[in-house]
Structure formats: structure tokens, C-alpha cells
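So this block is model_8.cif, mmCIF, C-alpha atoms and all ligand atoms:
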data_model
#
loop_
_atom_site.label_atom_id
_atom_site.label_comp_id
_atom_site.auth_asym_id
_atom_site.auth_seq_id
_atom_site.Cartn_x
_atom_site.Cartn_y
_atom_site.Cartn_z
CA ASP A 23 3.80 21.47 -0.87
CA GLY A 24 2.10 18.91 -3.04
CA GLU A 25 5.07 16.54 -3.14
CA GLY A 26 4.52 13.24 -1.46
CA THR A 27 0.86 13.18 -2.34
CA LEU A 28 0.95 11.37 -5.67
CA THR A 29 -1.15 8.24 -5.14
CA ALA A 30 -2.79 5.45 -7.11
CA ALA A 31 -6.10 7.24 -6.53
CA ASN A 32 -5.07 10.65 -7.91
CA VAL A 33 -2.48 9.72 -10.55
CA ASP A 34 -4.98 9.97 -13.43
CA ASP A 35 -5.93 13.54 -12.52
CA MET A 36 -2.34 14.50 -11.78
CA ALA A 37 -1.18 13.10 -15.13
CA ALA A 38 -3.73 15.18 -16.98
CA ARG A 39 -2.93 18.32 -15.01
CA SER A 40 0.72 18.26 -14.03
CA MET A 41 2.83 15.78 -15.99
CA PRO A 42 5.15 16.73 -18.85
CA LEU A 43 4.41 15.19 -22.23
CA CYS A 44 6.82 12.23 -21.86
CA MET A 45 5.13 11.10 -18.65
CA LYS A 46 1.63 11.82 -19.94
CA GLN A 47 2.39 9.41 -22.77
CA LEU A 48 3.65 6.72 -20.40
CA HIS A 49 0.53 7.22 -18.28
CA ARG A 50 -1.68 6.92 -21.35
CA GLY A 51 0.22 3.90 -22.63
CA LEU A 52 -0.21 2.10 -19.32
CA GLN A 53 -3.89 3.00 -19.22
CA ARG A 54 -4.39 1.74 -22.78
CA ASP A 55 -2.23 -1.40 -22.83
CA HIS A 56 -2.38 -2.28 -19.10
CA LYS A 57 1.34 -2.89 -19.21
CA LEU A 58 4.59 -1.10 -19.99
CA LYS A 59 7.79 -2.38 -21.55
CA HIS A 60 10.97 -2.43 -19.51
CA GLN A 61 12.33 1.00 -20.46
CA GLY A 62 8.95 2.59 -19.99
CA ARG A 63 8.55 1.04 -16.53
CA LEU A 64 11.95 2.44 -15.57
CA GLN A 65 11.47 5.94 -16.95
CA TYR A 66 7.95 6.27 -15.56
CA GLY A 67 8.56 4.39 -12.31
CA LEU A 68 11.56 6.50 -11.35
CA PHE A 69 9.62 9.64 -12.21
CA LEU A 70 6.72 8.55 -10.00
CA LYS A 71 9.11 7.81 -7.17
CA GLY A 72 10.76 11.21 -7.64
CA ALA A 73 7.34 12.86 -7.60
CA GLY A 74 6.71 11.39 -4.16
CA MET A 75 4.74 8.23 -4.95
CA THR A 76 5.50 5.65 -2.28
CA LEU A 77 6.37 2.03 -2.96
CA GLU A 78 2.94 0.98 -1.68
CA GLU A 79 1.06 3.40 -3.95
CA HIS A 80 3.27 2.57 -6.94
CA THR A 81 2.52 -1.12 -6.44
CA LEU A 82 -1.23 -0.46 -6.08
CA TYR A 83 -1.28 1.67 -9.22
CA PHE A 84 0.61 -0.79 -11.42
CA GLN A 85 -1.30 -3.74 -9.96
CA ARG A 86 -4.60 -2.06 -10.81
CA GLU A 87 -3.56 -1.63 -14.45
CA PHE A 88 -1.58 -4.82 -15.03
CA THR A 89 -4.16 -7.14 -13.47
CA ARG A 90 -6.64 -6.23 -16.18
CA ILE A 91 -4.64 -8.51 -18.45
CA MET A 92 -3.02 -10.91 -15.96
CA THR A 93 -3.65 -12.51 -12.61
CA GLY A 94 -2.51 -10.97 -9.35
CA GLU A 95 -0.12 -13.88 -8.98
CA GLN A 96 1.48 -13.19 -12.37
CA PHE A 97 1.81 -9.54 -11.48
CA ASN A 98 3.48 -10.34 -8.16
CA LYS A 99 5.84 -12.80 -9.80
CA GLN A 100 6.87 -10.69 -12.76
CA TYR A 101 6.61 -7.08 -11.68
CA ALA A 102 6.36 -6.53 -7.92
CA TYR A 103 10.06 -7.24 -7.43
CA SER A 104 11.18 -4.70 -10.01
CA ILE A 105 8.93 -2.04 -8.46
CA ARG A 106 10.55 -2.67 -5.08
CA HIS A 107 13.89 -2.56 -6.86
CA THR A 108 13.04 0.88 -8.31
CA HIS A 109 12.49 2.05 -4.74
CA GLY A 110 15.80 0.61 -3.63
CA LYS A 111 14.22 -2.18 -1.57
CA GLU A 112 15.78 -5.10 -3.43
CA GLY A 113 19.12 -6.06 -4.93
CA LYS A 114 21.90 -3.72 -3.91
CA ARG A 115 19.31 -1.41 -2.40
CA ALA A 116 20.73 1.28 -4.57
CA SER A 117 18.74 4.43 -4.79
CA TYR A 118 17.89 4.98 -8.45
CA THR A 119 17.68 8.55 -9.60
CA PRO A 120 14.89 9.69 -11.91
CA TYR A 121 16.13 10.41 -15.46
CA ASN A 122 16.71 13.96 -16.55
CA CYS A 123 15.72 15.23 -20.02
CA THR A 124 19.18 14.83 -21.51
CA ARG A 125 19.23 11.18 -20.56
CA ILE A 126 15.75 10.60 -21.98
CA ILE A 127 16.42 12.56 -25.17
CA LEU A 128 19.74 10.82 -25.85
CA GLY A 129 18.47 7.40 -24.75
CA ASN A 130 17.13 4.60 -26.93
CA PRO A 131 14.17 5.79 -28.96
CA PRO A 132 10.90 3.85 -28.60
CA GLN A 133 10.93 1.06 -31.20
CA SER A 134 7.25 0.39 -31.76
CA GLY A 135 3.76 1.45 -30.80
CA ALA A 136 4.11 -0.78 -27.75
CA GLU A 137 6.95 1.30 -26.32
CA HIS A 138 5.95 4.56 -24.65
CA HIS A 139 9.24 5.79 -23.20
CA GLY A 140 11.39 8.60 -24.60
CA CYS A 141 10.72 12.29 -25.22
CA PRO A 142 7.84 13.04 -27.60
CA PHE A 143 9.50 16.32 -28.64
CA ARG A 144 12.58 14.37 -29.71
CA HIS A 145 11.24 10.99 -30.74
CA TYR A 146 7.94 11.71 -32.51
CA ASP A 147 7.87 12.94 -36.08
CA ASP A 148 6.33 16.34 -36.79
CA ALA A 149 2.94 14.99 -37.82
CA SER A 150 2.56 12.74 -34.75
CA LEU A 151 3.64 15.44 -32.33
CA SER A 152 1.37 18.01 -33.92
CA ALA A 153 -1.58 15.60 -33.80
CA LEU A 154 -0.85 14.82 -30.16
CA LEU A 155 -0.75 18.50 -29.17
CA GLY A 156 -4.10 19.01 -30.86
CA GLN A 157 -5.62 15.89 -29.29
CA LEU A 158 -4.52 16.97 -25.82
CA LYS A 159 -5.72 20.52 -26.56
CA ILE A 160 -2.38 21.92 -25.48
CA GLY A 161 -2.51 25.71 -25.68
CA ASN A 162 -3.86 27.59 -28.68
CA THR A 163 -2.62 27.56 -32.26
CA VAL A 164 0.02 30.21 -31.46
CA ASP A 165 1.38 28.02 -28.65
CA ARG A 166 1.32 24.91 -30.83
CA ASP A 167 3.09 26.68 -33.69
CA ALA A 168 5.78 27.90 -31.28
CA ILE A 169 6.22 24.40 -29.83
CA MET A 170 6.46 22.86 -33.31
CA ALA A 171 8.98 25.49 -34.42
CA HIS A 172 11.25 24.60 -31.47
CA LYS A 173 10.86 20.91 -32.24
CA ARG A 174 11.78 21.41 -35.91
CA ASP A 175 14.84 23.42 -34.85
CA GLY A 176 15.96 20.55 -32.63
CA ASN A 177 15.31 22.57 -29.45
CA PHE A 178 13.33 19.83 -27.75
CA GLN A 179 13.73 21.16 -24.24
CA LEU A 180 12.63 24.65 -25.29
CA ALA A 181 9.58 23.05 -26.89
CA CYS A 182 8.86 21.41 -23.55
CA SER A 183 9.24 24.68 -21.61
CA ARG A 184 6.90 26.33 -24.10
CA HIS A 185 4.39 23.56 -23.44
CA PHE A 186 4.66 24.34 -19.72
CA GLU A 187 4.05 28.06 -20.31
CA ALA A 188 1.09 27.34 -22.57
CA VAL A 189 -0.74 25.29 -19.94
CA HIS A 190 0.29 27.37 -16.89
CA PRO A 191 -0.53 30.94 -17.88
CA GLY A 192 1.07 33.56 -15.64
CA ALA A 193 3.37 31.03 -13.94
CA ILE A 194 6.41 33.26 -14.40
CA ALA A 195 4.90 36.01 -12.25
CA LEU A 196 3.63 33.75 -9.46
CA GLU A 197 5.42 33.80 -6.16
CA GLY A 198 6.52 30.42 -4.88
CA VAL A 199 6.61 28.85 -8.35
CA SER A 200 10.12 27.99 -9.48
CA LEU A 201 10.50 27.33 -13.18
CA ASP A 202 14.13 26.29 -12.68
CA GLY A 203 14.63 22.96 -14.29
CA VAL A 204 11.46 23.02 -16.39
CA GLY A 205 12.69 21.61 -19.71
CA ASN A 206 15.67 19.97 -17.99
CA HIS A 207 13.99 17.45 -15.73
CA PRO A 208 10.52 15.88 -15.85
CA ASN A 209 10.30 16.04 -12.04
CA ALA A 210 11.03 19.79 -12.09
CA TRP A 211 8.20 20.24 -14.60
CA PHE A 212 5.87 18.29 -12.31
CA SER A 213 6.92 20.17 -9.14
CA ALA A 214 6.53 23.53 -10.86
CA SER A 215 3.04 22.56 -11.98
CA VAL A 216 2.04 21.33 -8.53
CA SER A 217 3.28 24.56 -6.92
CA TYR A 218 1.46 26.58 -9.61
CA TYR A 219 -1.83 24.99 -8.61
CA ASN A 220 -1.03 25.38 -4.91
CA ALA A 221 0.02 29.04 -5.25
FE1 LIG B 301 9.97 14.91 -20.86
FE2 LIG B 301 12.15 16.41 -20.76
FE3 LIG B 301 11.12 15.68 -23.12
FE4 LIG B 301 9.90 17.45 -21.59
S1 LIG B 301 11.91 17.69 -22.59
S2 LIG B 301 8.91 15.75 -22.64
S3 LIG B 301 10.28 16.67 -19.54
S4 LIG B 301 12.03 14.33 -21.59
#

Mind converting the file's structure to C-alpha cells?
Amino acid sequence: DGEGTLTAANVDDMAARSMPLCMKQLHRGLQRDHKLKHQGRLQYGLFLKGAGMTLEEHTLYFQREFTRIMTGEQFNKQYAYSIRHTHGKEGKRASYTPYNCTRIILGNPPQSGAEHHGCPFRHYDDASLSALLGQLKIGNTVDRDAIMAHKRDGNFQLACSRHFEAVHPGAIALEGVSLDGVGNHPNAWFSASVSYYNA
């Protein structure tokens, strides 16, 4: 399957094609600001690890972005350790588990435009979410209306599943594509998308 193949070289394409909205926004934030705040680095970093990105590729990817605004030495000093930590290579060598949707939805909301973590279906207001769906050309107006209706009803995870359906037409009928966990875990969303494109 496509797991294990997420690399610094293909992460931009994979983000556009196969990441749920929360991770797309972290990807975009990193691309725009060339850095991520602590909670964003954790949420995104653990997701990348869960999606099969190795420590080496994770370091290459973050180094490429961060060193647009800092030296390689600064990056190594401030960030390389915490990336190794995410992969369980430092500290207690604990293996950190990628966050599920409940954890992200109930977690601290992003506090400013500089924070890109959280769940857009939960943490963005209606106007911002609606604008984002349009900007990313997610589905058609029927899809977007359905997503917004779920969001307004407080069914954030249903909104996310509806997003998946809108951008993976026919997924339900495809053999080898498991939609289990889509709307419950960002990594399940990613895996389902990868298997959709491999089916
Ligand atoms: Fe991410 Fe889960 Fe929110 Fe979807 S519902 S955007 S996967 S946190």
C-alpha cells in the first residue's frame, strides 16, 4: 500500500490530494510561515509519522521550510531534537501516538493567525470555513452546503466525512478502500485516500 512512502519530496502533492482539512491547513501554514508553533508541530509531526514519514524525511522536510527564515544551525539547535523526540528517539524514547479527531476537536483552539493546529470544522467560524472550502475547491455547492450544515449542527466529524466523500467520488463502492475511521482519525482519512488512489 502507499503507507511508508510519504517523503519530503512528495508531501506537497500528498497534502493537496490526500490530507484531511486539519493537516492541509498545517501544511499550508508551514509553507506560508516557514515555521509552526509548538502545538502545530506536534499535531502535524505525529500525523506525518503515523502516515509513514520517516525521521530522516521529516527532518529534511521541516529543515527545507524552516531554513528559509533561519540558519541550518538554528534549526538543528531549536527543532531537530524535538523531531527526533516525536519519533521516540530522544528523552524517554516513548512512542507518541498521532492524535485522533476527538483529541484535536476538544484540544486547545488555535489562538491567532500564527497557530495552525486544531480542527477547521470545529475551530473556524462559518464564514472562514466556507471561504476555505471555496478556495480549495472542495466538492460542488451541494457538497459544501452539506458540509456547512453538519458544521453548524456541531457534527464536525460528519462534516469531515462528507468532505472525504466529496473529493473521493465512488469510494464507498471501491474494493480495498476502508472508510472505517474516516472522521475519527486524520491518519484513517489519509490511509483511505491513499488506498482510493491505489485501487
Ligand atoms: Fe482533522 Fe478529524 Fe477535524 Fe477531520 S474531523 S479535520 S480529520 S480533526

Neighbourhood of ligand LIG 301 (chain B) at 8 Å, counting all atoms listed in the file, reported as a PyMOL selection string:
chain A and resi 42-45+122-127+140-144+178-183+204-209+211

What does the distance between atom CA of A:Ala168 and atom CA of A:Ser40 come to in Å, to one decimal place?
20.4 Å

Expected answer as a count of residues only: all residues with atoms within 12 Å of (12.6, 0.1, -6.5), only C-alpha atoms
35

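Across the model, the gap from atom CA of A:Leu151 to atom CA of A:Asp175 is 14.0 Å.
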
Residue nearest A:Lys159 - candidates A:Lys173, A:Lys57, A:His185, A:His145, atoms counted: all atoms listed in the file:
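Ranked by minimum distance to A:Lys159, first place goes to A:His185.
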
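Among A:Leu48, A:Leu58, A:Ile91, A:Leu28, the residue with the shortest atom-to-atom distance to A:Glu79, counting only C-alpha atoms, is A:Leu28.
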
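Using only C-alpha atoms, the shortest contact distance between A:Tyr146 and any of A:Gly203, A:Gly176, A:Gly161, A:Gly198 is found at A:Gly176.
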
In terms of the shortest atom-to-atom distance over only C-alpha atoms, which of A:Met170, A:Ala136, A:Met36, A:Ala30 is closest to A:Ser215?
A:Met36

Work out how far atom CA of A:Phe212 is from atom CA of A:Ala149, in Å to one decimal.
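So the answer is 25.9 Å.
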
Top pick for closest residue to A:Glu187, considering A:Arg174, A:Ile160, A:Thr29, A:Gln47 and counting all atoms listed in the file
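Smallest separation from A:Glu187 among the options: A:Ile160.
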
Among the residues A:Ser152, A:Thr27, A:Thr163, A:Thr89, the one that comes closest to A:His56 [using all atoms listed in the file]
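Result for the nearest residue to A:His56: A:Thr89.
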
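With distances taken from (2.6, 31.3, -11.0) and restricted to all atoms listed in the file, the residues inside 12 Å are Phe186, Glu187, Val189, His190, Pro191, Gly192, Ala193, Ile194, Ala195, Leu196, Glu197, Gly198, Val199, Ser200, Leu201, Ala214, Ser215, Val216, Ser217, Tyr218, Tyr219, Asn220 and Ala221 of chain A.
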
Any chance you could export the current selection's C-alpha atoms as a PDB file, in the coordinates of the input?
ATOM      1  CA  PHE A 186       4.660  24.340 -19.720  1.00  0.00           C
ATOM      2  CA  GLU A 187       4.050  28.060 -20.310  1.00  0.00           C
ATOM      3  CA  VAL A 189      -0.740  25.290 -19.940  1.00  0.00           C
ATOM      4  CA  HIS A 190       0.290  27.370 -16.890  1.00  0.00           C
ATOM      5  CA  PRO A 191      -0.530  30.940 -17.880  1.00  0.00           C
ATOM      6  CA  GLY A 192       1.070  33.560 -15.640  1.00  0.00           C
ATOM      7  CA  ALA A 193       3.370  31.030 -13.940  1.00  0.00           C
ATOM      8  CA  ILE A 194       6.410  33.260 -14.400  1.00  0.00           C
ATOM      9  CA  ALA A 195       4.900  36.010 -12.250  1.00  0.00           C
ATOM     10  CA  LEU A 196       3.630  33.750  -9.460  1.00  0.00           C
ATOM     11  CA  GLU A 197       5.420  33.800  -6.160  1.00  0.00           C
ATOM     12  CA  GLY A 198       6.520  30.420  -4.880  1.00  0.00           C
ATOM     13  CA  VAL A 199       6.610  28.850  -8.350  1.00  0.00           C
ATOM     14  CA  SER A 200      10.120  27.990  -9.480  1.00  0.00           C
ATOM     15  CA  LEU A 201      10.500  27.330 -13.180  1.00  0.00           C
ATOM     16  CA  ALA A 214       6.530  23.530 -10.860  1.00  0.00           C
ATOM     17  CA  SER A 215       3.040  22.560 -11.980  1.00  0.00           C
ATOM     18  CA  VAL A 216       2.040  21.330  -8.530  1.00  0.00           C
ATOM     19  CA  SER A 217       3.280  24.560  -6.920  1.00  0.00           C
ATOM     20  CA  TYR A 218       1.460  26.580  -9.610  1.00  0.00           C
ATOM     21  CA  TYR A 219      -1.830  24.990  -8.610  1.00  0.00           C
ATOM     22  CA  ASN A 220      -1.030  25.380  -4.910  1.00  0.00           C
ATOM     23  CA  ALA A 221       0.020  29.040  -5.250  1.00  0.00           C
TER      24      ALA A 221
END

May I ask you to restore N, CA and C atoms in stretch 40-61 of chain A and write the result as a PDB file, in the coordinates of the input?
ATOM      1  N   SER A  40      -0.616  17.816 -14.431  1.00  0.00           N
ATOM      2  CA  SER A  40       0.720  18.260 -14.030  1.00  0.00           C
ATOM      3  C   SER A  40       1.905  17.475 -14.574  1.00  0.00           C
ATOM      4  N   MET A  41       1.672  16.526 -15.477  1.00  0.00           N
ATOM      5  CA  MET A  41       2.830  15.780 -15.990  1.00  0.00           C
ATOM      6  C   MET A  41       3.304  16.347 -17.323  1.00  0.00           C
ATOM      7  N   PRO A  42       4.632  16.345 -17.538  1.00  0.00           N
ATOM      8  CA  PRO A  42       5.150  16.730 -18.850  1.00  0.00           C
ATOM      9  C   PRO A  42       4.759  15.678 -19.881  1.00  0.00           C
ATOM     10  N   LEU A  43       4.933  16.025 -21.150  1.00  0.00           N
ATOM     11  CA  LEU A  43       4.410  15.190 -22.230  1.00  0.00           C
ATOM     12  C   LEU A  43       4.956  13.751 -22.206  1.00  0.00           C
ATOM     13  N   CYS A  44       6.232  13.587 -21.879  1.00  0.00           N
ATOM     14  CA  CYS A  44       6.820  12.230 -21.860  1.00  0.00           C
ATOM     15  C   CYS A  44       6.070  11.347 -20.870  1.00  0.00           C
ATOM     16  N   MET A  45       5.778  11.897 -19.691  1.00  0.00           N
ATOM     17  CA  MET A  45       5.130  11.100 -18.650  1.00  0.00           C
ATOM     18  C   MET A  45       3.638  10.942 -18.903  1.00  0.00           C
ATOM     19  N   LYS A  46       3.027  11.959 -19.515  1.00  0.00           N
ATOM     20  CA  LYS A  46       1.630  11.820 -19.940  1.00  0.00           C
ATOM     21  C   LYS A  46       1.484  10.632 -20.880  1.00  0.00           C
ATOM     22  N   GLN A  47       2.461  10.482 -21.795  1.00  0.00           N
ATOM     23  CA  GLN A  47       2.390   9.410 -22.770  1.00  0.00           C
ATOM     24  C   GLN A  47       2.604   8.041 -22.130  1.00  0.00           C
ATOM     25  N   LEU A  48       3.457   7.983 -21.115  1.00  0.00           N
ATOM     26  CA  LEU A  48       3.650   6.720 -20.400  1.00  0.00           C
ATOM     27  C   LEU A  48       2.372   6.394 -19.607  1.00  0.00           C
ATOM     28  N   HIS A  49       1.786   7.415 -19.008  1.00  0.00           N
ATOM     29  CA  HIS A  49       0.530   7.220 -18.280  1.00  0.00           C
ATOM     30  C   HIS A  49      -0.559   6.709 -19.215  1.00  0.00           C
ATOM     31  N   ARG A  50      -0.673   7.332 -20.369  1.00  0.00           N
ATOM     32  CA  ARG A  50      -1.680   6.920 -21.350  1.00  0.00           C
ATOM     33  C   ARG A  50      -1.430   5.519 -21.875  1.00  0.00           C
ATOM     34  N   GLY A  51      -0.149   5.224 -22.122  1.00  0.00           N
ATOM     35  CA  GLY A  51       0.220   3.900 -22.630  1.00  0.00           C
ATOM     36  C   GLY A  51      -0.154   2.812 -21.635  1.00  0.00           C
ATOM     37  N   LEU A  52       0.117   3.077 -20.371  1.00  0.00           N
ATOM     38  CA  LEU A  52      -0.210   2.100 -19.320  1.00  0.00           C
ATOM     39  C   LEU A  52      -1.729   1.937 -19.204  1.00  0.00           C
ATOM     40  N   GLN A  53      -2.436   3.050 -19.314  1.00  0.00           N
ATOM     41  CA  GLN A  53      -3.890   3.000 -19.220  1.00  0.00           C
ATOM     42  C   GLN A  53      -4.491   2.236 -20.405  1.00  0.00           C
ATOM     43  N   ARG A  54      -3.859   2.372 -21.565  1.00  0.00           N
ATOM     44  CA  ARG A  54      -4.390   1.740 -22.780  1.00  0.00           C
ATOM     45  C   ARG A  54      -4.017   0.270 -22.879  1.00  0.00           C
ATOM     46  N   ASP A  55      -2.729  -0.031 -22.620  1.00  0.00           N
ATOM     47  CA  ASP A  55      -2.230  -1.400 -22.830  1.00  0.00           C
ATOM     48  C   ASP A  55      -2.267  -2.246 -21.558  1.00  0.00           C
ATOM     49  N   HIS A  56      -2.421  -1.593 -20.406  1.00  0.00           N
ATOM     50  CA  HIS A  56      -2.380  -2.280 -19.100  1.00  0.00           C
ATOM     51  C   HIS A  56      -1.048  -2.960 -18.854  1.00  0.00           C
ATOM     52  N   LYS A  57      -0.034  -2.451 -19.497  1.00  0.00           N
ATOM     53  CA  LYS A  57       1.340  -2.890 -19.210  1.00  0.00           C
ATOM     54  C   LYS A  57       2.292  -1.870 -19.820  1.00  0.00           C
ATOM     55  N   LEU A  58       3.543  -1.939 -19.410  1.00  0.00           N
ATOM     56  CA  LEU A  58       4.590  -1.100 -19.990  1.00  0.00           C
ATOM     57  C   LEU A  58       5.816  -1.959 -20.198  1.00  0.00           C
ATOM     58  N   LYS A  59       6.529  -1.693 -21.296  1.00  0.00           N
ATOM     59  CA  LYS A  59       7.790  -2.380 -21.550  1.00  0.00           C
ATOM     60  C   LYS A  59       8.840  -1.911 -20.545  1.00  0.00           C
ATOM     61  N   HIS A  60       9.918  -2.674 -20.495  1.00  0.00           N
ATOM     62  CA  HIS A  60      10.970  -2.430 -19.510  1.00  0.00           C
ATOM     63  C   HIS A  60      11.416  -0.966 -19.404  1.00  0.00           C
ATOM     64  N   GLN A  61      11.800  -0.368 -20.530  1.00  0.00           N
ATOM     65  CA  GLN A  61      12.330   1.000 -20.460  1.00  0.00           C
ATOM     66  C   GLN A  61      11.271   2.004 -20.029  1.00  0.00           C
TER      67      GLN A  61
END
